[in-house]
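> Structure supplied as model.cif; contents: mmCIF, N, CA and C atoms.
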data_final
loop_
_atom_site.label_atom_id
_atom_site.label_comp_id
_atom_site.auth_asym_id
_atom_site.auth_seq_id
_atom_site.Cartn_x
_atom_site.Cartn_y
_atom_site.Cartn_z
N MET A 1 137.60 -98.22 75.91
CA MET A 1 136.72 -98.04 74.78
C MET A 1 136.08 -96.67 74.87
N LYS A 2 135.89 -96.02 73.73
CA LYS A 2 135.23 -94.73 73.73
C LYS A 2 133.78 -94.90 74.14
N ASN A 3 133.24 -93.92 74.84
CA ASN A 3 131.89 -93.99 75.34
C ASN A 3 130.87 -94.18 74.22
N ALA A 4 131.02 -93.47 73.09
CA ALA A 4 130.08 -93.59 71.97
C ALA A 4 130.11 -95.01 71.40
N ASN A 5 131.30 -95.58 71.25
CA ASN A 5 131.41 -96.96 70.76
C ASN A 5 130.80 -97.93 71.75
N ASN A 6 131.02 -97.70 73.03
CA ASN A 6 130.47 -98.56 74.06
C ASN A 6 128.94 -98.58 73.97
N GLU A 7 128.35 -97.41 73.83
CA GLU A 7 126.89 -97.33 73.72
C GLU A 7 126.39 -97.97 72.44
N LYS A 8 127.15 -97.82 71.37
CA LYS A 8 126.79 -98.44 70.10
C LYS A 8 126.80 -99.97 70.23
N ASN A 9 127.83 -100.50 70.91
CA ASN A 9 127.92 -101.95 71.12
C ASN A 9 126.76 -102.44 71.98
N ILE A 10 126.44 -101.70 73.03
CA ILE A 10 125.32 -102.07 73.91
C ILE A 10 124.03 -102.11 73.10
N ASP A 11 123.82 -101.11 72.25
CA ASP A 11 122.62 -101.08 71.40
C ASP A 11 122.59 -102.27 70.45
N LYS A 12 123.73 -102.58 69.83
CA LYS A 12 123.80 -103.71 68.90
C LYS A 12 123.47 -105.02 69.60
N LEU A 13 124.03 -105.21 70.77
CA LEU A 13 123.77 -106.44 71.53
C LEU A 13 122.30 -106.54 71.91
N LYS A 14 121.73 -105.43 72.37
CA LYS A 14 120.32 -105.43 72.77
C LYS A 14 119.42 -105.69 71.57
N GLN A 15 119.72 -105.05 70.44
CA GLN A 15 118.92 -105.25 69.22
C GLN A 15 118.97 -106.70 68.77
N ALA A 16 120.11 -107.36 69.01
CA ALA A 16 120.27 -108.77 68.63
C ALA A 16 119.63 -109.70 69.67
N GLY A 17 119.09 -109.13 70.74
CA GLY A 17 118.45 -109.93 71.77
C GLY A 17 119.43 -110.58 72.73
N LEU A 18 120.65 -110.06 72.76
CA LEU A 18 121.68 -110.61 73.65
C LEU A 18 121.80 -109.75 74.90
N LYS A 19 122.01 -110.41 76.01
CA LYS A 19 122.27 -109.71 77.27
C LYS A 19 123.63 -109.00 77.14
N VAL A 20 123.71 -107.81 77.67
CA VAL A 20 124.96 -107.05 77.61
C VAL A 20 125.88 -107.55 78.72
N THR A 21 126.98 -108.20 78.33
CA THR A 21 127.96 -108.68 79.30
C THR A 21 129.32 -108.07 78.99
N HIS A 22 130.17 -108.10 79.97
CA HIS A 22 131.53 -107.58 79.79
C HIS A 22 132.25 -108.31 78.65
N SER A 23 132.15 -109.64 78.63
CA SER A 23 132.85 -110.44 77.62
C SER A 23 132.36 -110.10 76.22
N ARG A 24 131.05 -110.01 76.04
CA ARG A 24 130.50 -109.69 74.72
C ARG A 24 130.94 -108.30 74.27
N CYS A 25 130.89 -107.34 75.18
CA CYS A 25 131.29 -105.96 74.84
C CYS A 25 132.76 -105.90 74.45
N LYS A 26 133.63 -106.56 75.21
CA LYS A 26 135.08 -106.51 74.92
C LYS A 26 135.40 -107.17 73.59
N ILE A 27 134.77 -108.31 73.32
CA ILE A 27 135.04 -109.01 72.05
C ILE A 27 134.50 -108.21 70.87
N LEU A 28 133.30 -107.68 70.99
CA LEU A 28 132.73 -106.85 69.92
C LEU A 28 133.58 -105.60 69.71
N GLU A 29 134.09 -105.04 70.79
CA GLU A 29 134.97 -103.86 70.69
C GLU A 29 136.21 -104.16 69.86
N ILE A 30 136.80 -105.32 70.05
CA ILE A 30 137.99 -105.69 69.26
C ILE A 30 137.65 -105.75 67.79
N PHE A 31 136.54 -106.40 67.44
CA PHE A 31 136.14 -106.49 66.03
C PHE A 31 135.90 -105.11 65.44
N GLN A 32 135.26 -104.23 66.19
CA GLN A 32 134.96 -102.90 65.67
C GLN A 32 136.20 -102.01 65.62
N SER A 33 137.15 -102.24 66.49
CA SER A 33 138.37 -101.43 66.49
C SER A 33 139.28 -101.78 65.31
N PHE A 34 139.19 -103.02 64.85
CA PHE A 34 140.03 -103.48 63.74
C PHE A 34 139.14 -104.19 62.71
N PRO A 35 138.33 -103.42 61.96
CA PRO A 35 137.32 -104.02 61.07
C PRO A 35 137.90 -104.84 59.91
N ASP A 36 139.15 -104.64 59.57
CA ASP A 36 139.75 -105.40 58.47
C ASP A 36 140.46 -106.66 58.95
N GLU A 37 140.47 -106.88 60.25
CA GLU A 37 141.20 -108.02 60.83
C GLU A 37 140.30 -109.25 60.86
N HIS A 38 140.93 -110.41 60.77
CA HIS A 38 140.24 -111.70 60.89
C HIS A 38 140.81 -112.39 62.12
N TYR A 39 139.92 -112.79 63.03
CA TYR A 39 140.35 -113.33 64.32
C TYR A 39 139.94 -114.78 64.50
N THR A 40 140.89 -115.59 64.94
CA THR A 40 140.56 -116.91 65.46
C THR A 40 140.27 -116.72 66.94
N ALA A 41 139.72 -117.73 67.58
CA ALA A 41 139.47 -117.65 69.02
C ALA A 41 140.78 -117.46 69.77
N ASP A 42 141.83 -118.16 69.32
CA ASP A 42 143.14 -118.03 69.99
C ASP A 42 143.71 -116.62 69.83
N LYS A 43 143.55 -116.05 68.65
CA LYS A 43 144.06 -114.69 68.42
C LYS A 43 143.29 -113.68 69.28
N LEU A 44 141.99 -113.89 69.42
CA LEU A 44 141.19 -113.03 70.30
C LEU A 44 141.65 -113.16 71.74
N LYS A 45 141.91 -114.40 72.17
CA LYS A 45 142.38 -114.66 73.53
C LYS A 45 143.68 -113.89 73.79
N ASP A 46 144.62 -113.96 72.83
CA ASP A 46 145.88 -113.23 72.98
C ASP A 46 145.64 -111.73 73.08
N GLN A 47 144.76 -111.21 72.23
CA GLN A 47 144.45 -109.77 72.23
C GLN A 47 143.84 -109.36 73.57
N LEU A 48 142.92 -110.16 74.07
CA LEU A 48 142.29 -109.86 75.36
C LEU A 48 143.29 -109.94 76.50
N ASP A 49 144.16 -110.96 76.46
CA ASP A 49 145.21 -111.08 77.48
C ASP A 49 146.11 -109.85 77.47
N ASP A 50 146.46 -109.37 76.26
CA ASP A 50 147.31 -108.18 76.14
C ASP A 50 146.65 -106.94 76.74
N GLN A 51 145.32 -106.94 76.74
CA GLN A 51 144.56 -105.81 77.31
C GLN A 51 144.31 -106.00 78.82
N GLY A 52 144.83 -107.11 79.36
CA GLY A 52 144.64 -107.37 80.78
C GLY A 52 143.28 -107.98 81.11
N GLU A 53 142.60 -108.47 80.10
CA GLU A 53 141.28 -109.08 80.30
C GLU A 53 141.45 -110.57 80.57
N ASN A 54 140.72 -111.07 81.54
CA ASN A 54 140.79 -112.48 81.91
C ASN A 54 139.51 -113.18 81.44
N ILE A 55 139.44 -113.44 80.13
CA ILE A 55 138.27 -114.10 79.54
C ILE A 55 138.74 -115.44 78.97
N GLY A 56 138.14 -116.50 79.43
CA GLY A 56 138.56 -117.85 79.05
C GLY A 56 138.21 -118.20 77.61
N LEU A 57 138.92 -119.16 77.08
CA LEU A 57 138.73 -119.60 75.70
C LEU A 57 137.31 -120.16 75.48
N ALA A 58 136.78 -120.90 76.44
CA ALA A 58 135.42 -121.44 76.31
C ALA A 58 134.40 -120.30 76.18
N THR A 59 134.60 -119.25 76.96
CA THR A 59 133.71 -118.09 76.89
C THR A 59 133.85 -117.40 75.54
N ILE A 60 135.08 -117.28 75.05
CA ILE A 60 135.30 -116.65 73.75
C ILE A 60 134.57 -117.43 72.65
N TYR A 61 134.70 -118.75 72.64
CA TYR A 61 134.00 -119.57 71.64
C TYR A 61 132.49 -119.37 71.75
N ARG A 62 131.97 -119.35 72.95
CA ARG A 62 130.53 -119.18 73.16
C ARG A 62 130.07 -117.80 72.65
N VAL A 63 130.83 -116.76 72.98
CA VAL A 63 130.48 -115.41 72.53
C VAL A 63 130.57 -115.30 71.00
N LEU A 64 131.59 -115.91 70.40
CA LEU A 64 131.71 -115.88 68.94
C LEU A 64 130.48 -116.51 68.28
N THR A 65 130.03 -117.63 68.80
CA THR A 65 128.84 -118.29 68.26
C THR A 65 127.61 -117.39 68.41
N GLN A 66 127.48 -116.75 69.56
CA GLN A 66 126.34 -115.87 69.81
C GLN A 66 126.36 -114.64 68.89
N LEU A 67 127.54 -114.05 68.73
CA LEU A 67 127.66 -112.87 67.85
C LEU A 67 127.40 -113.24 66.40
N GLU A 68 127.84 -114.43 66.01
CA GLU A 68 127.58 -114.90 64.64
C GLU A 68 126.09 -115.12 64.43
N MET A 69 125.45 -115.78 65.38
CA MET A 69 124.00 -116.04 65.27
C MET A 69 123.21 -114.73 65.27
N ALA A 70 123.72 -113.71 65.93
CA ALA A 70 123.08 -112.40 65.96
C ALA A 70 123.40 -111.58 64.72
N ASP A 71 124.20 -112.15 63.82
CA ASP A 71 124.56 -111.51 62.54
C ASP A 71 125.42 -110.26 62.73
N LEU A 72 126.21 -110.24 63.81
CA LEU A 72 127.11 -109.12 64.06
C LEU A 72 128.52 -109.39 63.54
N ILE A 73 128.87 -110.68 63.45
CA ILE A 73 130.16 -111.09 62.90
C ILE A 73 129.93 -112.20 61.89
N GLN A 74 130.93 -112.44 61.07
CA GLN A 74 130.86 -113.48 60.04
C GLN A 74 131.95 -114.51 60.30
N LYS A 75 131.58 -115.77 60.18
CA LYS A 75 132.53 -116.88 60.36
C LYS A 75 133.05 -117.30 58.99
N ASN A 76 134.37 -117.45 58.90
CA ASN A 76 135.01 -117.92 57.68
C ASN A 76 135.77 -119.20 57.99
N ASN A 77 135.67 -120.17 57.14
CA ASN A 77 136.44 -121.39 57.28
C ASN A 77 137.50 -121.40 56.20
N PHE A 78 138.67 -120.92 56.56
CA PHE A 78 139.76 -120.87 55.61
C PHE A 78 140.52 -122.18 55.64
N ASN A 79 141.68 -122.23 55.10
CA ASN A 79 142.44 -123.45 54.84
C ASN A 79 142.94 -124.21 56.06
N ASP A 80 143.25 -123.52 57.15
CA ASP A 80 143.95 -124.16 58.26
C ASP A 80 143.06 -124.94 59.22
N GLY A 81 141.77 -125.08 58.91
CA GLY A 81 140.89 -125.85 59.76
C GLY A 81 140.38 -125.10 60.97
N GLN A 82 140.88 -123.91 61.19
CA GLN A 82 140.43 -123.09 62.32
C GLN A 82 139.57 -121.96 61.77
N SER A 83 138.42 -121.73 62.38
CA SER A 83 137.53 -120.67 61.91
C SER A 83 138.13 -119.30 62.21
N ALA A 84 137.94 -118.39 61.26
CA ALA A 84 138.35 -117.01 61.44
C ALA A 84 137.10 -116.14 61.34
N TYR A 85 136.99 -115.18 62.21
CA TYR A 85 135.81 -114.33 62.28
C TYR A 85 136.18 -112.89 61.94
N GLU A 86 135.20 -112.19 61.37
CA GLU A 86 135.37 -110.77 61.07
C GLU A 86 134.06 -110.06 61.32
N ILE A 87 134.14 -108.76 61.51
CA ILE A 87 132.94 -107.97 61.72
C ILE A 87 132.09 -108.06 60.46
N LYS A 88 130.80 -108.12 60.62
CA LYS A 88 129.88 -108.20 59.48
C LYS A 88 129.96 -106.90 58.70
N LYS A 89 130.17 -107.01 57.39
CA LYS A 89 130.24 -105.81 56.53
C LYS A 89 129.75 -106.19 55.15
N SER A 90 129.85 -105.28 54.22
CA SER A 90 129.35 -105.55 52.88
C SER A 90 130.11 -106.71 52.24
N HIS A 91 129.49 -107.29 51.22
CA HIS A 91 130.05 -108.47 50.56
C HIS A 91 131.47 -108.21 50.05
N HIS A 92 132.32 -109.20 50.24
CA HIS A 92 133.68 -109.16 49.71
C HIS A 92 134.20 -110.58 49.64
N ASP A 93 135.28 -110.76 48.91
CA ASP A 93 135.94 -112.06 48.79
C ASP A 93 137.33 -111.96 49.39
N HIS A 94 138.05 -113.09 49.42
CA HIS A 94 139.35 -113.13 50.10
C HIS A 94 140.43 -113.76 49.23
N LEU A 95 141.63 -113.20 49.35
CA LEU A 95 142.87 -113.82 48.86
C LEU A 95 143.67 -114.17 50.11
N ILE A 96 144.17 -115.40 50.19
CA ILE A 96 144.92 -115.82 51.37
C ILE A 96 146.28 -116.35 50.95
N CYS A 97 147.32 -115.78 51.54
CA CYS A 97 148.68 -116.25 51.28
C CYS A 97 148.91 -117.57 52.02
N THR A 98 149.30 -118.59 51.28
CA THR A 98 149.54 -119.91 51.90
C THR A 98 150.88 -119.96 52.61
N ARG A 99 151.70 -118.93 52.42
CA ARG A 99 153.00 -118.88 53.11
C ARG A 99 152.89 -118.22 54.46
N CYS A 100 152.33 -117.00 54.47
CA CYS A 100 152.32 -116.22 55.72
C CYS A 100 150.93 -116.11 56.34
N GLY A 101 149.90 -116.51 55.62
CA GLY A 101 148.54 -116.43 56.16
C GLY A 101 147.90 -115.06 56.00
N ASP A 102 148.56 -114.14 55.31
CA ASP A 102 148.00 -112.81 55.11
C ASP A 102 146.67 -112.92 54.37
N ILE A 103 145.68 -112.14 54.78
CA ILE A 103 144.36 -112.16 54.17
C ILE A 103 144.09 -110.80 53.54
N ILE A 104 143.74 -110.83 52.26
CA ILE A 104 143.42 -109.61 51.52
C ILE A 104 141.96 -109.69 51.13
N GLU A 105 141.19 -108.66 51.48
CA GLU A 105 139.79 -108.59 51.08
C GLU A 105 139.70 -107.82 49.77
N PHE A 106 138.81 -108.28 48.88
CA PHE A 106 138.63 -107.57 47.62
C PHE A 106 137.19 -107.70 47.14
N VAL A 107 136.80 -106.76 46.28
CA VAL A 107 135.52 -106.79 45.59
C VAL A 107 135.84 -106.56 44.12
N ASN A 108 135.28 -107.39 43.26
CA ASN A 108 135.51 -107.24 41.82
C ASN A 108 134.17 -107.38 41.10
N GLU A 109 133.71 -106.28 40.54
CA GLU A 109 132.39 -106.27 39.88
C GLU A 109 132.35 -107.21 38.68
N ASP A 110 133.46 -107.36 37.97
CA ASP A 110 133.48 -108.28 36.83
C ASP A 110 133.22 -109.72 37.29
N LEU A 111 133.82 -110.11 38.41
CA LEU A 111 133.58 -111.45 38.95
C LEU A 111 132.13 -111.61 39.40
N GLU A 112 131.58 -110.58 40.02
CA GLU A 112 130.20 -110.64 40.47
C GLU A 112 129.26 -110.83 39.28
N LYS A 113 129.51 -110.09 38.19
CA LYS A 113 128.68 -110.21 36.99
C LYS A 113 128.84 -111.59 36.36
N LEU A 114 130.07 -112.10 36.34
CA LEU A 114 130.32 -113.44 35.78
C LEU A 114 129.57 -114.51 36.57
N GLN A 115 129.55 -114.40 37.89
CA GLN A 115 128.82 -115.36 38.72
C GLN A 115 127.32 -115.31 38.43
N GLU A 116 126.80 -114.10 38.26
CA GLU A 116 125.38 -113.95 37.91
C GLU A 116 125.11 -114.57 36.53
N HIS A 117 126.01 -114.33 35.59
CA HIS A 117 125.86 -114.87 34.23
C HIS A 117 125.87 -116.41 34.26
N ILE A 118 126.81 -116.99 34.99
CA ILE A 118 126.89 -118.45 35.10
C ILE A 118 125.63 -119.00 35.76
N SER A 119 125.18 -118.36 36.81
CA SER A 119 123.96 -118.80 37.49
C SER A 119 122.77 -118.77 36.54
N SER A 120 122.64 -117.69 35.80
CA SER A 120 121.55 -117.54 34.85
C SER A 120 121.62 -118.61 33.76
N LYS A 121 122.81 -118.87 33.26
CA LYS A 121 123.01 -119.88 32.20
C LYS A 121 122.50 -121.25 32.64
N TYR A 122 122.64 -121.57 33.91
CA TYR A 122 122.19 -122.86 34.43
C TYR A 122 120.83 -122.77 35.11
N ASN A 123 120.10 -121.66 34.84
CA ASN A 123 118.78 -121.45 35.42
C ASN A 123 118.80 -121.62 36.94
N PHE A 124 119.78 -120.95 37.54
CA PHE A 124 120.03 -121.06 38.97
C PHE A 124 119.90 -119.67 39.58
N THR A 125 119.16 -119.57 40.67
CA THR A 125 119.01 -118.28 41.36
C THR A 125 120.07 -118.20 42.45
N LEU A 126 121.02 -117.33 42.24
CA LEU A 126 122.12 -117.17 43.19
C LEU A 126 121.66 -116.36 44.40
N GLU A 127 121.83 -116.91 45.59
CA GLU A 127 121.46 -116.20 46.82
C GLU A 127 122.68 -115.58 47.48
N SER A 128 123.78 -116.30 47.47
CA SER A 128 125.02 -115.78 48.04
C SER A 128 126.16 -116.67 47.56
N HIS A 129 127.36 -116.24 47.86
CA HIS A 129 128.53 -117.06 47.53
C HIS A 129 129.68 -116.69 48.44
N VAL A 130 130.64 -117.59 48.49
CA VAL A 130 131.87 -117.35 49.23
C VAL A 130 133.01 -117.69 48.28
N MET A 131 133.91 -116.74 48.09
CA MET A 131 135.07 -117.00 47.25
C MET A 131 136.33 -116.72 48.05
N THR A 132 137.16 -117.74 48.15
CA THR A 132 138.43 -117.61 48.83
C THR A 132 139.50 -118.18 47.91
N LEU A 133 140.45 -117.36 47.54
CA LEU A 133 141.52 -117.78 46.64
C LEU A 133 142.81 -117.92 47.45
N PHE A 134 143.52 -119.02 47.22
CA PHE A 134 144.76 -119.30 47.95
C PHE A 134 145.95 -119.21 47.02
N GLY A 135 147.05 -118.65 47.52
CA GLY A 135 148.27 -118.55 46.72
C GLY A 135 149.36 -117.85 47.51
N ASP A 136 150.36 -117.37 46.82
CA ASP A 136 151.48 -116.68 47.45
C ASP A 136 151.33 -115.19 47.26
N CYS A 137 151.53 -114.43 48.33
CA CYS A 137 151.37 -112.98 48.24
C CYS A 137 152.55 -112.32 47.51
N ASN A 138 153.67 -112.98 47.44
CA ASN A 138 154.86 -112.48 46.74
C ASN A 138 155.39 -111.16 47.27
N LYS A 139 155.03 -110.82 48.49
CA LYS A 139 155.58 -109.60 49.11
C LYS A 139 156.98 -109.92 49.62
N PRO A 140 157.91 -109.01 49.47
CA PRO A 140 159.25 -109.24 50.03
C PRO A 140 159.22 -109.42 51.54
N THR A 141 158.19 -108.89 52.18
CA THR A 141 158.08 -108.97 53.64
C THR A 141 157.29 -110.20 54.11
N CYS A 142 156.91 -111.08 53.20
CA CYS A 142 156.13 -112.27 53.54
C CYS A 142 156.86 -113.08 54.60
N LYS A 143 156.20 -113.30 55.74
CA LYS A 143 156.83 -114.01 56.86
C LYS A 143 157.12 -115.47 56.54
N GLY A 144 156.36 -116.06 55.64
CA GLY A 144 156.55 -117.47 55.31
C GLY A 144 157.46 -117.71 54.12
N ARG A 145 158.01 -116.66 53.57
CA ARG A 145 158.81 -116.74 52.35
C ARG A 145 160.02 -117.68 52.49
N THR A 146 160.79 -117.53 53.53
CA THR A 146 162.00 -118.35 53.67
C THR A 146 161.65 -119.79 54.01
N LYS A 147 160.56 -120.00 54.73
CA LYS A 147 160.16 -121.35 55.11
C LYS A 147 159.91 -122.22 53.90
N LYS A 148 159.16 -121.70 52.93
CA LYS A 148 158.78 -122.48 51.76
C LYS A 148 159.94 -122.69 50.80
N ASN A 149 160.86 -121.73 50.78
CA ASN A 149 161.99 -121.80 49.84
C ASN A 149 163.12 -122.68 50.33
N ASP A 150 163.11 -123.06 51.62
CA ASP A 150 164.19 -123.89 52.16
C ASP A 150 164.10 -125.32 51.68
#
Will you turn the file into structure tokens for me?

Amino acid sequence: MKNANNEKNIDKLKQAGLKVTHSRCKILEIFQSFPDEHYTADKLKDQLDDQGENIGLATIYRVLTQLEMADLIQKNNFNDGQSAYEIKKSHHDHLICTRCGDIIEFVNEDLEKLQEHISSKYNFTLESHVMTLFGDCNKPTCKGRTKKND
């Protein structure tokens, strides 16, 4: 990890009131290195193993919960019953391919305005929302394409 990123992670952990540990730093580093990626605990475990890190799955789950509670990462409950986590960033919604699992993040101002309009129509004060759309990505490179067509 770059020294500047390492210090930034240490500061973030301290500001969140978390003790700076090797496991927390390594997991936070992965999220920051790939900000558009969505990680399950198993995917994080594989990534850490590939880096030669020996961090157990129980520790990964514990760190994910701590980072989420510290508002450093966001937990998403997509279709497969397994939580996927991403680095905390500005509001966005998701498109998920039901064939290959590809996740596309998007922001659409027209949808945001429509949600506000609907909320107002029902005299409802909107605080937040989560929008996840499921379908087929229709990419020729979709890994699940042949599976569904068989």
> Skip Ile87 (chain A) itself and residues of its chain fewer than 3 positions away, then list as a PyMOL selection string all residues within 8 Å of it, counting only C-alpha atoms.
chain A and resi 31-32+35-36+72-74
> I'd like the residues picked by the PyMOL selection byres (((chain A and resi 25 and name CA) around 10) and name CA) written out as number ranges by chain, using the chain letters and numbers from the file.
A: 1, 5-10, 12-13, 20-24, 26-30, 63
> With only C-alpha atoms as the basis for distance, which of A:Ala16, A:Leu57, A:Leu48, A:Cys137 is at the shortest distance from Ala70 (chain A)?
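So, comparing all the options, the nearest one is A:Ala16.
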> For Asn108 (chain A), which of A:Lys121, A:Lys19, A:His91, A:Lys139 is the closest residue, counting only N, CA and C atoms?
A:His91
> I'd like the interatomic distance between atom N of Glu86 (chain A) and atom N of Pro140 (chain A), to a tenth of an Å.
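So the answer is 25.8 Å.
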> Go through A:Thr141, A:Thr65, A:Gln82, A:Ser128 one by one, measure the shortest atom-to-atom distance of each to Cys100 (chain A) using only C-alpha atoms, and give the residue with the smallest value.
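Going through A:Thr141, A:Thr65, A:Gln82, A:Ser128 one by one, the smallest distance to Cys100 (chain A) is for A:Thr141.
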> With distances taken over only C-alpha atoms, which of A:Thr40, A:Ser83, A:Thr59, A:Gln66 is nearest to Leu18 (chain A)?
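Smallest separation from Leu18 (chain A) among the options: A:Gln66.
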> Quick check on the file I pasted: which residues fall under the PyMOL selection byres (((chain A and resi 129-136 and name CA) around 9) and name CA)? Write them as a ChimeraX atom specification.
/A:78-79,92-100,115,126-128,137-139,142,145
> Based on the backbone DSSP call, show me all residues of region 5-50 of chain A assigned alpha helix (DSSP H), as JSON, numbers by chain.
{"A": [5, 6, 7, 8, 9, 10, 11, 12, 13, 14, 15, 22, 23, 24, 25, 26, 27, 28, 29, 30, 31, 32, 33, 41, 42, 43, 44, 45, 46, 47, 48, 49, 50]}
> What is the distance, in Å and to one decimal place, between atom C of Gly144 (chain A) and atom C of Lys45 (chain A)?
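Straight-line distance from atom C of Gly144 (chain A) to atom C of Lys45 (chain A) works out to 24.3 Å.
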